[in-house]
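As stored in protein_22.txt (compact mmCIF, C-alpha atoms):
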```
# COMPACT_ATOMS: atom_id res chain seq x y z
CA MET A 14 23.62 65.75 131.60
CA ARG A 15 24.99 63.33 129.06
CA HIS A 16 23.20 65.15 126.25
CA ALA A 17 24.68 68.48 127.39
CA ARG A 18 28.18 67.05 127.26
CA ARG A 19 27.55 65.76 123.75
CA ARG A 20 26.37 69.17 122.61
CA ILE A 21 29.50 70.81 124.06
CA VAL A 22 31.78 68.29 122.31
CA ARG A 23 29.99 68.85 118.99
CA ARG A 24 30.25 72.62 119.28
CA VAL A 25 33.97 72.46 120.10
CA ALA A 26 34.58 70.16 117.14
CA ARG A 27 32.69 72.48 114.79
CA LEU A 28 34.59 75.53 116.05
CA ALA A 29 37.92 73.73 115.61
CA ALA A 30 36.98 72.72 112.07
CA VAL A 31 35.96 76.27 111.15
CA GLY A 32 39.19 77.60 112.68
CA GLY A 33 41.14 75.06 110.63
CA LEU A 34 39.43 76.25 107.45
CA LEU A 35 40.35 79.86 108.20
CA LEU A 36 43.96 78.94 109.05
CA GLY A 37 44.37 76.75 105.97
CA GLY A 38 42.92 79.45 103.74
CA THR A 39 45.36 81.99 105.15
CA MET A 40 48.29 79.61 104.61
CA VAL A 41 47.31 78.99 100.99
CA THR A 42 46.83 82.71 100.34
CA ARG A 43 50.24 83.59 101.76
CA ALA A 44 51.97 80.78 99.87
CA VAL A 45 50.43 81.86 96.57
CA ALA A 46 51.32 85.51 97.22
CA SER A 47 54.90 84.74 98.27
CA GLU A 48 57.89 83.41 96.37
CA PRO A 49 57.49 79.69 95.50
CA PRO A 50 60.16 77.38 96.93
CA ASP A 51 61.69 76.11 93.72
CA GLY A 52 65.02 76.88 92.18
CA SER A 53 63.61 78.26 88.93
CA ALA A 54 61.68 80.99 90.71
CA ALA A 55 64.75 82.36 92.49
CA PRO A 56 67.92 81.14 90.79
CA HIS A 57 70.07 83.99 92.09
CA THR A 58 70.56 84.86 95.73
CA PHE A 59 72.97 86.22 98.26
CA ALA A 60 73.19 84.21 101.45
CA ARG A 61 73.93 85.05 105.04
CA THR A 62 77.40 84.09 106.22
CA PRO A 63 79.12 83.99 109.63
CA SER A 64 80.54 87.46 108.98
CA ASP A 65 77.15 89.21 108.87
CA ALA A 66 76.86 89.97 112.59
CA GLY A 67 80.38 91.35 112.84
CA ALA A 68 80.07 93.29 109.59
CA GLY A 69 76.89 94.95 110.82
CA LEU A 70 78.56 96.11 114.03
CA VAL A 71 81.62 97.41 112.17
CA SER A 72 79.34 99.33 109.81
CA ARG A 73 77.44 100.89 112.73
CA LEU A 74 80.50 101.90 114.74
CA GLY A 75 82.72 103.01 111.84
CA THR A 76 86.34 102.40 110.90
CA GLY A 77 87.64 104.87 113.47
CA ARG A 78 86.30 102.84 116.43
CA THR A 79 86.76 99.31 115.06
CA ALA A 80 89.55 97.33 113.41
CA GLY A 81 87.84 94.42 111.69
CA HIS A 82 85.90 91.35 112.78
CA TRP A 83 86.28 87.57 112.66
CA VAL A 84 84.72 84.38 113.97
CA ASP A 85 86.27 82.40 116.81
CA SER A 86 86.70 78.62 116.96
CA GLY A 87 83.12 78.27 118.16
CA GLY A 88 81.70 80.28 115.26
CA ARG A 89 80.90 83.36 117.41
CA PRO A 90 81.55 86.86 116.01
CA VAL A 91 84.42 88.89 117.46
CA VAL A 92 84.88 92.61 116.78
CA ALA A 93 88.10 94.57 117.39
CA VAL A 94 87.28 97.91 119.06
CA THR A 95 89.33 100.94 120.07
CA ASP A 96 87.22 102.34 122.94
CA GLU A 97 85.07 101.08 125.79
CA GLY A 98 81.88 102.60 124.38
CA ALA A 99 82.25 100.57 121.20
CA ALA A 100 83.05 97.48 123.27
CA GLU A 101 79.82 97.87 125.25
CA THR A 102 77.82 98.18 122.02
CA VAL A 103 79.40 95.00 120.69
CA ARG A 104 78.65 93.08 123.90
CA ARG A 105 75.02 94.21 123.94
CA ALA A 106 74.68 92.86 120.41
CA GLY A 107 75.80 89.43 121.61
CA ALA A 108 79.29 89.49 120.08
CA THR A 109 82.73 89.43 121.71
CA ALA A 110 84.66 92.70 121.90
CA LYS A 111 88.47 92.71 121.68
CA PRO A 112 90.18 95.99 122.62
CA VAL A 113 92.97 96.96 120.19
CA ARG A 114 95.28 99.92 119.77
CA HIS A 115 95.01 100.67 116.05
CA SER A 116 91.77 101.34 114.16
CA MET A 117 90.81 100.08 110.73
CA SER A 118 91.53 103.53 109.35
CA GLU A 119 95.12 103.25 110.55
CA LEU A 120 95.54 99.73 109.16
CA ARG A 121 94.21 100.79 105.76
CA SER A 122 96.41 103.85 105.73
CA ALA A 123 99.44 101.62 106.33
CA ALA A 124 98.41 99.32 103.47
CA SER A 125 97.98 102.35 101.21
CA THR A 126 101.50 103.51 102.05
CA LEU A 127 102.86 100.07 101.14
CA ARG A 128 101.01 100.16 97.80
CA SER A 129 102.51 103.55 96.96
CA ALA A 130 106.05 102.28 97.61
CA PRO A 131 108.13 100.91 94.68
CA ARG A 132 106.63 97.57 93.65
CA VAL A 133 108.54 94.43 94.69
CA THR A 134 107.55 91.22 92.91
CA GLY A 135 107.14 88.29 95.28
CA THR A 136 105.70 90.30 98.16
CA ALA A 137 102.22 90.36 99.64
CA TRP A 138 100.49 92.03 102.57
CA ALA A 139 97.17 91.75 104.31
CA LEU A 140 95.31 93.14 107.31
CA ASP A 141 95.52 90.70 110.23
CA TYR A 142 92.53 91.69 112.34
CA ARG A 143 93.30 89.32 115.18
CA SER A 144 96.82 90.63 115.80
CA ASN A 145 95.85 94.21 114.86
CA GLU A 146 98.74 94.37 112.39
CA VAL A 147 99.52 94.67 108.72
CA VAL A 148 101.52 91.56 107.82
CA VAL A 149 104.03 91.89 104.95
CA ARG A 150 105.42 88.68 103.45
CA GLY A 151 108.26 88.20 101.02
CA ASP A 152 108.88 84.95 99.13
CA ARG A 153 112.27 83.42 98.29
CA THR A 154 112.57 85.42 95.05
CA VAL A 155 112.78 88.77 96.88
CA SER A 156 116.36 90.03 97.03
CA GLY A 157 117.99 91.23 100.22
CA SER A 158 118.15 94.82 99.02
CA ASP A 159 114.48 94.91 98.02
CA TRP A 160 113.47 93.38 101.34
CA SER A 161 115.59 95.89 103.23
CA ARG A 162 114.01 98.79 101.35
CA LEU A 163 110.49 97.52 102.06
CA THR A 164 111.40 96.99 105.72
CA GLY A 165 112.42 100.64 105.88
CA VAL A 166 108.98 101.68 104.58
CA ALA A 167 107.34 99.49 107.23
CA GLN A 168 109.41 101.02 110.02
CA GLU A 169 108.39 104.50 108.94
CA ILE A 170 104.73 103.50 109.16
CA GLY A 171 105.00 102.20 112.72
CA GLY A 172 105.33 99.15 114.89
CA PHE A 173 102.06 97.57 113.78
CA VAL A 174 103.55 96.44 110.43
CA ARG A 175 105.04 92.95 110.76
CA MET A 176 107.60 91.66 108.25
CA GLU A 177 107.84 87.92 107.46
CA ARG A 178 109.80 85.85 104.96
CA THR A 179 108.02 82.84 103.53
CA GLN A 180 109.06 79.71 101.67
CA GLY A 181 107.93 79.10 98.11
CA THR A 182 106.96 81.66 95.49
CA PHE A 183 103.84 83.79 95.10
CA THR A 184 102.55 82.83 91.68
CA THR A 185 99.24 82.57 89.88
CA ARG A 186 98.02 78.97 89.76
CA LEU A 187 97.63 78.59 86.01
CA ASN A 188 98.18 75.13 84.80
CA GLY A 189 88.74 71.31 90.93
CA ALA A 190 85.93 71.95 89.87
CA GLU A 191 86.15 70.75 86.27
CA PRO A 192 89.33 71.39 84.21
CA ILE A 193 89.18 73.79 81.29
CA LEU A 194 92.02 74.07 78.79
CA SER A 195 93.22 76.57 76.21
CA THR A 196 96.46 77.50 74.49
CA ALA A 197 97.23 79.60 77.59
CA GLY A 198 97.24 76.54 79.85
CA ARG A 199 94.90 74.67 82.19
CA CYS A 200 92.59 76.24 84.76
CA SER A 201 89.57 75.18 86.79
CA ALA A 202 86.00 76.24 86.20
CA GLY A 203 84.69 78.40 89.02
CA PHE A 204 80.98 79.16 89.42
CA ASN A 205 78.21 79.33 86.86
CA VAL A 206 76.66 82.77 86.47
CA THR A 207 74.16 84.43 84.15
CA ASP A 208 73.21 87.88 82.90
CA GLY A 209 69.63 86.77 82.32
CA THR A 210 70.21 85.94 78.65
CA SER A 211 73.38 83.83 78.48
CA ASP A 212 75.22 81.65 80.99
CA PHE A 213 78.93 81.91 81.81
CA ILE A 214 81.74 80.41 83.87
CA LEU A 215 83.28 82.87 86.31
CA THR A 216 86.93 81.96 86.75
CA ALA A 217 90.31 83.64 87.33
CA GLY A 218 91.33 86.57 85.15
CA HIS A 219 94.94 85.45 84.75
CA CYS A 220 93.77 82.23 83.09
CA GLY A 221 93.55 83.92 79.71
CA PRO A 222 92.80 87.23 77.99
CA THR A 223 89.55 88.11 76.24
CA GLY A 224 89.11 85.89 73.18
CA SER A 225 90.71 82.78 74.73
CA VAL A 226 88.91 79.61 73.62
CA TRP A 227 88.37 76.91 76.25
CA PHE A 228 87.89 73.17 75.88
CA GLY A 229 86.58 70.61 78.35
CA ASP A 230 88.91 67.70 77.57
CA GLY A 231 92.52 67.01 76.73
CA THR A 232 91.89 66.28 73.05
CA GLY A 233 90.27 69.62 72.29
CA ASP A 234 87.16 67.96 70.83
CA ARG A 235 84.60 69.61 73.13
CA GLN A 236 84.62 73.39 73.11
CA VAL A 237 83.28 74.89 76.33
CA GLY A 238 83.29 78.55 75.38
CA SER A 239 85.43 81.64 75.09
CA THR A 240 86.51 84.47 77.40
CA VAL A 241 84.40 87.57 76.82
CA ALA A 242 85.40 89.82 79.74
CA GLY A 243 87.79 89.99 82.66
CA SER A 244 90.19 91.97 84.80
CA PHE A 245 93.83 91.14 85.58
CA PRO A 246 95.99 92.48 87.16
CA GLY A 247 94.28 94.79 89.63
CA ASP A 248 91.53 92.19 90.03
CA ASP A 249 91.63 88.52 89.08
CA PHE A 250 88.39 87.40 87.44
CA SER A 251 87.10 86.62 83.96
CA LEU A 252 83.94 85.48 82.24
CA VAL A 253 83.81 82.50 79.87
CA GLU A 254 80.61 82.43 77.81
CA TYR A 255 79.28 78.94 77.07
CA ALA A 256 79.48 78.01 73.39
CA ASN A 257 75.75 77.22 73.29
CA GLY A 258 74.81 80.01 75.69
CA LYS A 259 73.56 77.72 78.46
CA ALA A 260 75.25 76.01 81.40
CA GLY A 261 72.90 73.00 81.31
CA ASP A 262 71.80 70.69 84.10
CA GLY A 263 73.59 70.89 87.42
CA ALA A 264 74.69 74.50 86.89
CA GLY A 265 74.31 75.17 90.61
CA VAL A 266 76.58 72.29 91.66
CA VAL A 267 80.35 72.49 92.28
CA ALA A 268 82.34 69.37 91.38
CA VAL A 269 84.51 67.95 94.18
CA GLY A 270 85.68 64.68 92.59
CA ASP A 271 84.44 61.14 91.89
CA GLY A 272 81.39 62.46 90.08
CA LYS A 273 80.12 64.14 93.25
CA GLY A 274 79.47 67.74 94.04
CA VAL A 275 78.18 70.34 96.48
CA ARG A 276 75.02 72.35 95.91
CA ILE A 277 75.63 76.11 95.83
CA THR A 278 72.75 77.95 97.46
CA GLY A 279 73.98 81.55 97.42
CA ALA A 280 76.93 83.93 97.43
CA GLY A 281 78.47 85.78 100.34
CA GLU A 282 81.57 87.24 101.94
CA PRO A 283 83.84 85.25 104.29
CA ALA A 284 84.97 86.13 107.79
CA VAL A 285 88.47 85.80 109.17
CA GLY A 286 88.67 82.47 110.99
CA GLN A 287 85.89 80.88 108.94
CA ARG A 288 86.42 77.33 107.64
CA VAL A 289 86.32 77.16 103.84
CA PHE A 290 86.70 74.62 101.03
CA ARG A 291 88.40 74.90 97.67
CA SER A 292 88.02 72.57 94.69
CA GLY A 293 90.49 72.45 91.82
CA SER A 294 91.28 70.25 88.84
CA THR A 295 94.81 69.46 90.11
CA SER A 296 94.53 68.90 93.85
CA GLY A 297 90.80 68.22 94.24
CA LEU A 298 88.92 69.18 97.38
CA ARG A 299 90.91 70.93 100.13
CA ASP A 300 89.94 72.81 103.26
CA GLY A 301 91.37 75.41 105.63
CA ARG A 302 90.55 78.76 107.17
CA VAL A 303 90.42 82.40 106.14
CA THR A 304 93.46 84.11 107.66
CA ALA A 305 93.06 87.70 106.39
CA LEU A 306 91.05 89.95 104.09
CA ASP A 307 91.86 92.80 101.73
CA ALA A 308 95.18 91.22 100.79
CA THR A 309 97.52 92.60 98.13
CA VAL A 310 99.80 90.29 96.12
CA ASN A 311 102.59 91.38 93.78
CA TYR A 312 102.60 88.57 91.21
CA PRO A 313 105.22 88.58 88.46
CA GLU A 314 102.40 89.51 86.04
CA GLY A 315 101.20 92.45 88.15
CA THR A 316 99.62 93.50 91.45
CA VAL A 317 96.20 92.26 92.57
CA THR A 318 94.39 93.86 95.52
CA GLY A 319 91.36 93.10 97.68
CA LEU A 320 91.99 89.34 97.87
CA ILE A 321 90.98 86.80 100.51
CA GLU A 322 93.98 85.17 102.21
CA THR A 323 93.66 81.56 103.42
CA ASP A 324 95.82 78.64 104.57
CA VAL A 325 94.15 76.30 102.06
CA CYS A 326 96.71 74.68 99.76
CA ALA A 327 96.60 74.92 95.95
CA GLU A 328 98.72 73.85 93.00
CA PRO A 329 99.14 74.82 89.33
CA GLY A 330 95.90 74.11 87.46
CA ASP A 331 93.69 74.99 90.43
CA SER A 332 93.39 78.60 89.25
CA GLY A 333 89.83 79.84 88.97
CA GLY A 334 88.46 76.97 91.06
CA PRO A 335 85.65 77.72 93.50
CA MET A 336 85.94 78.49 97.21
CA PHE A 337 82.82 77.92 99.29
CA SER A 338 81.52 77.10 102.76
CA GLU A 339 78.15 75.76 103.92
CA GLY A 340 77.04 75.80 100.29
CA VAL A 341 77.77 79.54 100.02
CA ALA A 342 80.01 80.68 97.15
CA LEU A 343 82.82 82.97 98.37
CA GLY A 344 85.51 83.35 95.71
CA VAL A 345 87.67 81.89 92.93
CA THR A 346 91.30 80.80 93.26
CA SER A 347 93.85 83.44 92.30
CA GLY A 348 97.31 82.25 93.39
CA GLY A 349 99.65 81.69 96.28
CA SER A 350 102.72 79.84 97.46
CA GLY A 351 103.55 76.28 98.46
CA ASP A 352 101.74 73.10 97.48
CA CYS A 353 99.47 70.47 99.00
CA ALA A 354 102.40 68.36 100.22
CA LYS A 355 103.99 71.09 102.36
CA GLY A 356 101.08 73.50 102.68
CA GLY A 357 101.11 77.18 101.87
CA THR A 358 99.08 80.33 101.41
CA THR A 359 96.38 80.73 98.77
CA PHE A 360 94.59 83.92 97.72
CA PHE A 361 91.07 84.18 96.29
CA GLN A 362 89.22 86.80 94.29
CA PRO A 363 86.02 87.67 96.24
CA LEU A 364 82.96 86.56 94.28
CA PRO A 365 80.44 89.37 95.01
CA GLU A 366 82.87 92.04 93.80
CA ALA A 367 83.55 90.12 90.58
CA MET A 368 79.85 89.55 89.86
CA GLU A 369 79.01 93.20 90.45
CA SER A 370 81.78 94.33 88.12
CA LEU A 371 80.75 91.88 85.38
CA GLY A 372 77.02 92.49 85.74
CA VAL A 373 76.11 88.84 86.34
CA ARG A 374 74.32 86.81 89.00
CA LEU A 375 75.10 83.46 90.52
CA ILE A 376 73.19 80.39 89.34
CA VAL A 377 72.29 78.35 92.40
CA SER A 378 70.67 75.01 93.14
CA GLY A 379 66.95 75.05 93.88
CA ARG A 380 65.99 75.44 97.50
CA GLU A 381 64.49 71.98 97.54
CA GLY A 382 67.00 69.72 99.19
CA ALA A 383 69.66 72.38 99.15
CA ALA A 384 69.81 73.44 102.73
CA ALA A 385 73.22 74.82 103.48
CA GLY A 386 75.19 73.21 106.19
CA THR A 387 74.32 69.57 105.62
CA SER A 388 77.12 67.19 104.87
CA ALA A 389 78.50 66.52 101.43
CA PRO A 390 79.87 63.02 100.84
CA ALA A 391 82.29 64.34 98.30
CA ALA A 392 85.65 62.82 97.57
CA GLN A 393 87.90 63.45 100.54
CA ALA A 394 91.28 64.74 99.55
CA PRO A 395 94.35 63.62 101.46
CA GLY A 396 94.98 65.78 104.48
CA THR A 397 91.44 67.12 104.75
CA GLN A 398 88.63 66.30 107.09
CA PRO A 399 85.42 64.85 105.66
CA PRO A 400 83.17 67.63 104.41
CA GLY A 401 80.35 66.24 106.50
CA THR A 402 82.19 67.27 109.67
CA SER A 403 82.85 70.83 108.65
CA GLY A 404 79.96 72.00 106.49
CA ALA A 405 81.05 72.08 102.86
CA GLY A 406 77.43 72.09 101.77
CA ALA A 407 74.62 69.79 100.67
CA SER A 408 75.72 66.93 98.43
CA ALA A 409 74.52 66.51 94.86
CA PRO A 410 75.53 64.65 91.69
CA VAL A 411 77.66 66.80 89.40
CA THR A 412 75.27 66.26 86.48
CA GLY A 413 72.28 67.80 88.25
CA ALA A 414 70.24 68.18 91.38
CA GLU A 415 67.41 65.78 92.09
CA GLY A 416 64.03 67.17 93.17
CA SER A 417 62.71 66.48 96.63
CA PRO A 418 59.96 63.90 97.27
CA LEU A 419 56.32 64.90 97.05
CA LEU A 420 55.94 64.62 100.82
CA ALA A 421 58.73 67.17 101.36
CA ARG A 422 57.01 69.58 98.99
CA LEU A 423 53.66 69.17 100.71
CA THR A 424 55.17 69.82 104.13
CA ASP A 425 57.21 72.83 103.00
CA ARG A 426 55.65 75.79 104.83
CA ARG A 427 56.49 78.04 101.84
CA ASN A 428 54.33 75.88 99.56
CA ILE A 429 50.53 75.64 99.35
CA GLY A 430 50.64 71.98 100.42
CA PRO A 431 50.39 72.51 104.20
CA GLY A 432 47.49 74.93 103.75
CA LEU A 433 45.60 72.53 101.51
CA LEU A 434 46.15 69.72 104.01
CA VAL A 435 44.70 71.87 106.81
CA VAL A 436 41.70 72.84 104.65
CA ALA A 437 41.04 69.22 103.70
CA GLY A 438 41.29 68.05 107.30
CA SER A 439 38.93 70.76 108.47
CA LEU A 440 36.35 69.86 105.80
CA VAL A 441 36.51 66.22 106.83
CA ALA A 442 35.99 67.25 110.46
CA LEU A 443 32.97 69.39 109.56
CA VAL A 444 31.39 66.61 107.51
CA ALA A 445 32.06 64.10 110.27
CA THR A 446 30.52 66.26 113.01
CA ARG A 447 27.45 66.91 110.80
CA TRP A 448 27.02 63.22 110.08
CA ILE A 449 27.37 62.31 113.77
CA ARG A 450 24.75 64.89 114.70
CA GLU A 451 22.28 63.65 112.06
CA GLU A 452 22.86 60.06 113.12
CA GLN A 453 22.20 60.92 116.75
CA ASP A 454 19.03 62.81 115.76
CA ARG A 455 17.77 59.80 113.80
CA LYS A 456 18.38 57.48 116.75
CA ALA A 457 16.63 59.87 119.12
CA TYR A 458 13.62 60.08 116.78
CA ARG A 459 13.40 56.29 116.50
CA ARG A 460 13.50 55.96 120.27
CA ARG A 461 10.76 58.57 120.70
CA TYR A 462 8.64 57.03 117.92
CA SER A 463 8.91 53.56 119.42
CA ALA A 464 8.04 54.84 122.88
CA THR A 465 4.99 56.72 121.55
CA TRP A 466 3.58 53.72 119.67
CA GLY A 467 4.54 51.26 122.36
```

So that I can check it, write out the structure of this file as C-alpha cells.
Amino acid sequence: MRHARRRIVRRVARLAAVGGLLLGGTMVTRAVASEPPDGSAAPHTFARTPSDAGAGLVSRLGTGRTAGHWVDSGGRPVVAVTDEGAAETVRRAGATAKPVRHSMSELRSAASTLRSAPRVTGTAWALDYRSNEVVVRGDRTVSGSDWSRLTGVAQEIGGFVRMERTQGTFTTRLNGAEPILSTAGRCSAGFNVTDGTSDFILTAGHCGPTGSVWFGDGTGDRQVGSTVAGSFPGDDFSLVEYANGKAGDGAGVVAVGDGKGVRITGAGEPAVGQRVFRSGSTSGLRDGRVTALDATVNYPEGTVTGLIETDVCAEPGDSGGPMFSEGVALGVTSGGSGDCAKGGTTFFQPLPEAMESLGVRLIVSGREGAAAGTSAPAAQAPGTQPPGTSGAGASAPVTGAEGSPLLARLTDRRNIGPGLLVVAGSLVALVATRWIREEQDRKAYRRRYSATWG
C-alpha cells in the first residue's frame, strides 16, 4: 500500500513538472512574440483616460440624443441624454444618465452662431455639459455696448445661453516645466515630441512665430532650439526643434520644481470634472478641474477655438507649460484670466489635436516604473494638494528615469523572465523526481540482495 502511494506521488510530481514546462514555454513564446516592456520599444502611445467610457457612449448614441459627458466626484462617467431610450443604454453600460433638454447639436449650433457674430475682444464661451448651457463670459475690458450687443445675440439663440461677467482679463500667458526665453518673451516648455528623425518641444503657438530662437537660461548662453512650425490664432501650438536634434535623457519627464518631475506615460483627452495638474515656469505646479471643453477665447491677438477650460490658475510665463493627469499628457497652457493669488480661469490647447496637425508623436517614459496613477513627490505649490493624493503621475528625476530592478523585470508578465523561471523550476522538479526514483530503486535492490544472500 505504501509503495502504491509513492508511485502515485511520483506520477503527480512528474505530470506537474511536464505541465510547468509546457506553461513556461508558452509564456516565453508569447513574450518574445509580443511587444517588449521597455520604453525604447514603444516610446509613443495614447493612453486611456476617464473620459473614454463616456466618449464611447456619446459616439454610439450620436449628438442628437446626447449632450456631452463628464466624470463625477467619484470618477464615474456621466452622460447627458435627451430621451429615455438613450438613458437606458447608458445605464446598461454602467454609466450614469442625466436627462437634459438640449442636445449637443443644439449647443454646437449656438456656439457657431456666437462665432459668426462680430468679434468682441475679452470674451470667451464654452459648452457647459453639466448645466446643459453655453456659457459666455466677458472680462473687465469689454465695454457696456459690446456686452449688450452680444447679450442680444444670446437672447436670439435661446434661454440655454448664459451670460457672465468675470474679473481680470483674458490674455495669453506669455512672459513650469522648464523656462525657455527668446526676444518675444518667456514661456514654458511643454512636452517633448518626435517625428521619428528629430525631437521637438511642443509649446504654445503665441509664444513666438516661426524662426524664433529659444534659450534655456537668462544669460542666453545655452540655445535650446528654434520654432519651426505652429498655429496661432485659430489654434495655439508650436514646435521648437532642438538645436542638436535630440531631447536627451529624461525626455519623457515633466518638471514640477525642486529638480523633481512626473513621468509621462501617454497622451489623451480630458473629461469635464477630471482633476488635472499644470506646471509652469512662473507659478510652478498647480491643480484644479476641467470645467468645460470646446471653448472659444477672443484674445487681443485673435480668436482661438477648441480649447480646454479649467479652474487651474496660471500667470505670465506659464504659457506652453504642460497639463497632465495620472501621468497622461492632456494639453499645453494657452491663456486665461486671474492669477494664483485670487484664482481664475485657464485655457489649454488639447495635445492630441496639436500632435496630429504637426505630424509628431509624444515621447514618453518607459513602461518600467512608470505606472500611471502612483504618487509624485513633486514640489507642492501653495494652495494645492500633494500630488500623491490626487494622481499627478509617477515621480521621476527631471534629468532622467531610472530603470527598474532586475527582480521587477523578471516578474513582469510581459517579459520572458516569468516563463524562464517556470521552465527552470519544472526542470528542477523533473530532475528531482528522477533522482528520488533512482535512489529508491537502489535501496530496494540492496534490500533484496541482502535478503537473498542472507

Would you pick out the contacts of stretch 314-318 of chain A at 7 Å or less, using only C-alpha atoms, so that residues sharing its chain but fewer than 5 positions from it are not included, and give the list as a ChimeraX atom specification? /A:246-249,307-309

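Using all atoms listed in the file, the smallest distance between any of A:Arg291, A:Arg302, A:Arg89, A:Arg128 and A:Gly319 comes from A:Arg128.
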
For A:Phe250: contacts at 12 Å, all atoms listed in the file, fewer than 3 positions along chain excluded, given as a PyMOL selection string: chain A and resi 202-204+214-223+240-247+253+317-318+320+332-335+344-348+361-371

Resulting file, chosen residues, C-alpha atoms, as a PDB file, keeping the file's coordinate frame:
```
ATOM      1  CA  ALA A 202      86.000  76.240  86.200  1.00  0.00           C
ATOM      2  CA  GLY A 203      84.690  78.400  89.020  1.00  0.00           C
ATOM      3  CA  PHE A 204      80.980  79.160  89.420  1.00  0.00           C
ATOM      4  CA  ILE A 214      81.740  80.410  83.870  1.00  0.00           C
ATOM      5  CA  LEU A 215      83.280  82.870  86.310  1.00  0.00           C
ATOM      6  CA  THR A 216      86.930  81.960  86.750  1.00  0.00           C
ATOM      7  CA  ALA A 217      90.310  83.640  87.330  1.00  0.00           C
ATOM      8  CA  GLY A 218      91.330  86.570  85.150  1.00  0.00           C
ATOM      9  CA  HIS A 219      94.940  85.450  84.750  1.00  0.00           C
ATOM     10  CA  CYS A 220      93.770  82.230  83.090  1.00  0.00           C
ATOM     11  CA  GLY A 221      93.550  83.920  79.710  1.00  0.00           C
ATOM     12  CA  PRO A 222      92.800  87.230  77.990  1.00  0.00           C
ATOM     13  CA  THR A 223      89.550  88.110  76.240  1.00  0.00           C
ATOM     14  CA  THR A 240      86.510  84.470  77.400  1.00  0.00           C
ATOM     15  CA  VAL A 241      84.400  87.570  76.820  1.00  0.00           C
ATOM     16  CA  ALA A 242      85.400  89.820  79.740  1.00  0.00           C
ATOM     17  CA  GLY A 243      87.790  89.990  82.660  1.00  0.00           C
ATOM     18  CA  SER A 244      90.190  91.970  84.800  1.00  0.00           C
ATOM     19  CA  PHE A 245      93.830  91.140  85.580  1.00  0.00           C
ATOM     20  CA  PRO A 246      95.990  92.480  87.160  1.00  0.00           C
ATOM     21  CA  GLY A 247      94.280  94.790  89.630  1.00  0.00           C
ATOM     22  CA  VAL A 253      83.810  82.500  79.870  1.00  0.00           C
ATOM     23  CA  VAL A 317      96.200  92.260  92.570  1.00  0.00           C
ATOM     24  CA  THR A 318      94.390  93.860  95.520  1.00  0.00           C
ATOM     25  CA  LEU A 320      91.990  89.340  97.870  1.00  0.00           C
ATOM     26  CA  SER A 332      93.390  78.600  89.250  1.00  0.00           C
ATOM     27  CA  GLY A 333      89.830  79.840  88.970  1.00  0.00           C
ATOM     28  CA  GLY A 334      88.460  76.970  91.060  1.00  0.00           C
ATOM     29  CA  PRO A 335      85.650  77.720  93.500  1.00  0.00           C
ATOM     30  CA  GLY A 344      85.510  83.350  95.710  1.00  0.00           C
ATOM     31  CA  VAL A 345      87.670  81.890  92.930  1.00  0.00           C
ATOM     32  CA  THR A 346      91.300  80.800  93.260  1.00  0.00           C
ATOM     33  CA  SER A 347      93.850  83.440  92.300  1.00  0.00           C
ATOM     34  CA  GLY A 348      97.310  82.250  93.390  1.00  0.00           C
ATOM     35  CA  PHE A 361      91.070  84.180  96.290  1.00  0.00           C
ATOM     36  CA  GLN A 362      89.220  86.800  94.290  1.00  0.00           C
ATOM     37  CA  PRO A 363      86.020  87.670  96.240  1.00  0.00           C
ATOM     38  CA  LEU A 364      82.960  86.560  94.280  1.00  0.00           C
ATOM     39  CA  PRO A 365      80.440  89.370  95.010  1.00  0.00           C
ATOM     40  CA  GLU A 366      82.870  92.040  93.800  1.00  0.00           C
ATOM     41  CA  ALA A 367      83.550  90.120  90.580  1.00  0.00           C
ATOM     42  CA  MET A 368      79.850  89.550  89.860  1.00  0.00           C
ATOM     43  CA  GLU A 369      79.010  93.200  90.450  1.00  0.00           C
ATOM     44  CA  SER A 370      81.780  94.330  88.120  1.00  0.00           C
ATOM     45  CA  LEU A 371      80.750  91.880  85.380  1.00  0.00           C
TER      46      LEU A 371
END
```

Selection near stretch 282-288 of chain A, 8 Å with all atoms listed in the file, sequence-local residues under 2 positions removed, as a count of residues only: 25

For A:His115, find every residue with an atom within 12 Å (counting only C-alpha atoms), except residues of its own chain fewer than 6 positions away, and show them as a PyMOL selection string. chain A and resi 76-81+93-96+121-123+140-147+171-174

Here is a test: counting only C-alpha atoms, which residue of A:Ile193, A:Asn311, A:Gly261, A:Leu252 is nearest to A:Gly229?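 Checking each of A:Ile193, A:Asn311, A:Gly261, A:Leu252 against A:Gly229, counting only C-alpha atoms, the winner is A:Ile193.
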
Quick one: of A:Val310, A:Val269, A:Thr207, A:Ile449, who's nearest to A:Val149, counting only C-alpha atoms?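 Answer, going by the shortest atom-to-atom distance: A:Val310.
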
Excluding stretch 324-330 of chain A and any residue of its chain fewer than 3 positions from it, enumerate the residues within 7 Å of it, using all atoms listed in the file, and give them as a list of chain:residue names. A:Arg186, A:Leu187, A:Asn188, A:Arg199, A:Cys200, A:Ser201, A:Ser294, A:Thr295, A:Ser296, A:Arg299, A:Asp300, A:Gly301, A:Arg302, A:Val303, A:Thr304, A:Asp352, A:Cys353, A:Gly356, A:Gly357, A:Thr358, A:Thr359

Just give me the gap between atom CA of A:Ala260 and atom CA of A:Gly281 in Å, one decimal is fine.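 Distance reported for this atom pair: 21.6 Å.
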
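Taking all atoms listed in the file into account, A:Val275 lies nearest to A:Gly406 out of the set A:Arg150, A:Gly406, A:Arg175, A:Tyr255.
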
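Between atom CA of A:Thr154 and atom CA of A:Pro131 lies a distance of 16.1 Å.
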
Nearest residue to A:Lys355 out of A:Pro112, A:Gly165, A:Gly181, A:Gly87, using all atoms listed in the file?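 The answer is A:Gly181, which sits nearest to A:Lys355.
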
Do you have the atom CA of A:Ile277-atom CA of A:Lys259 distance handy?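 Value for the atom CA of A:Ile277-atom CA of A:Lys259 distance: 17.6 Å.
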
Using only C-alpha atoms, which residue out of A:Ala442, A:Ala106, A:Val226, A:Ile321 lies closest to A:Ala256?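 With only C-alpha atoms as the atom set, the closest residue is A:Val226.
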
Around (108.5, 102.0, 104.2) in the file's own coordinates, what residues are found within 10 Å if you use all atoms listed in the file, given back as a PyMOL selection string? chain A and resi 123+126-127+129-131+161-171+174
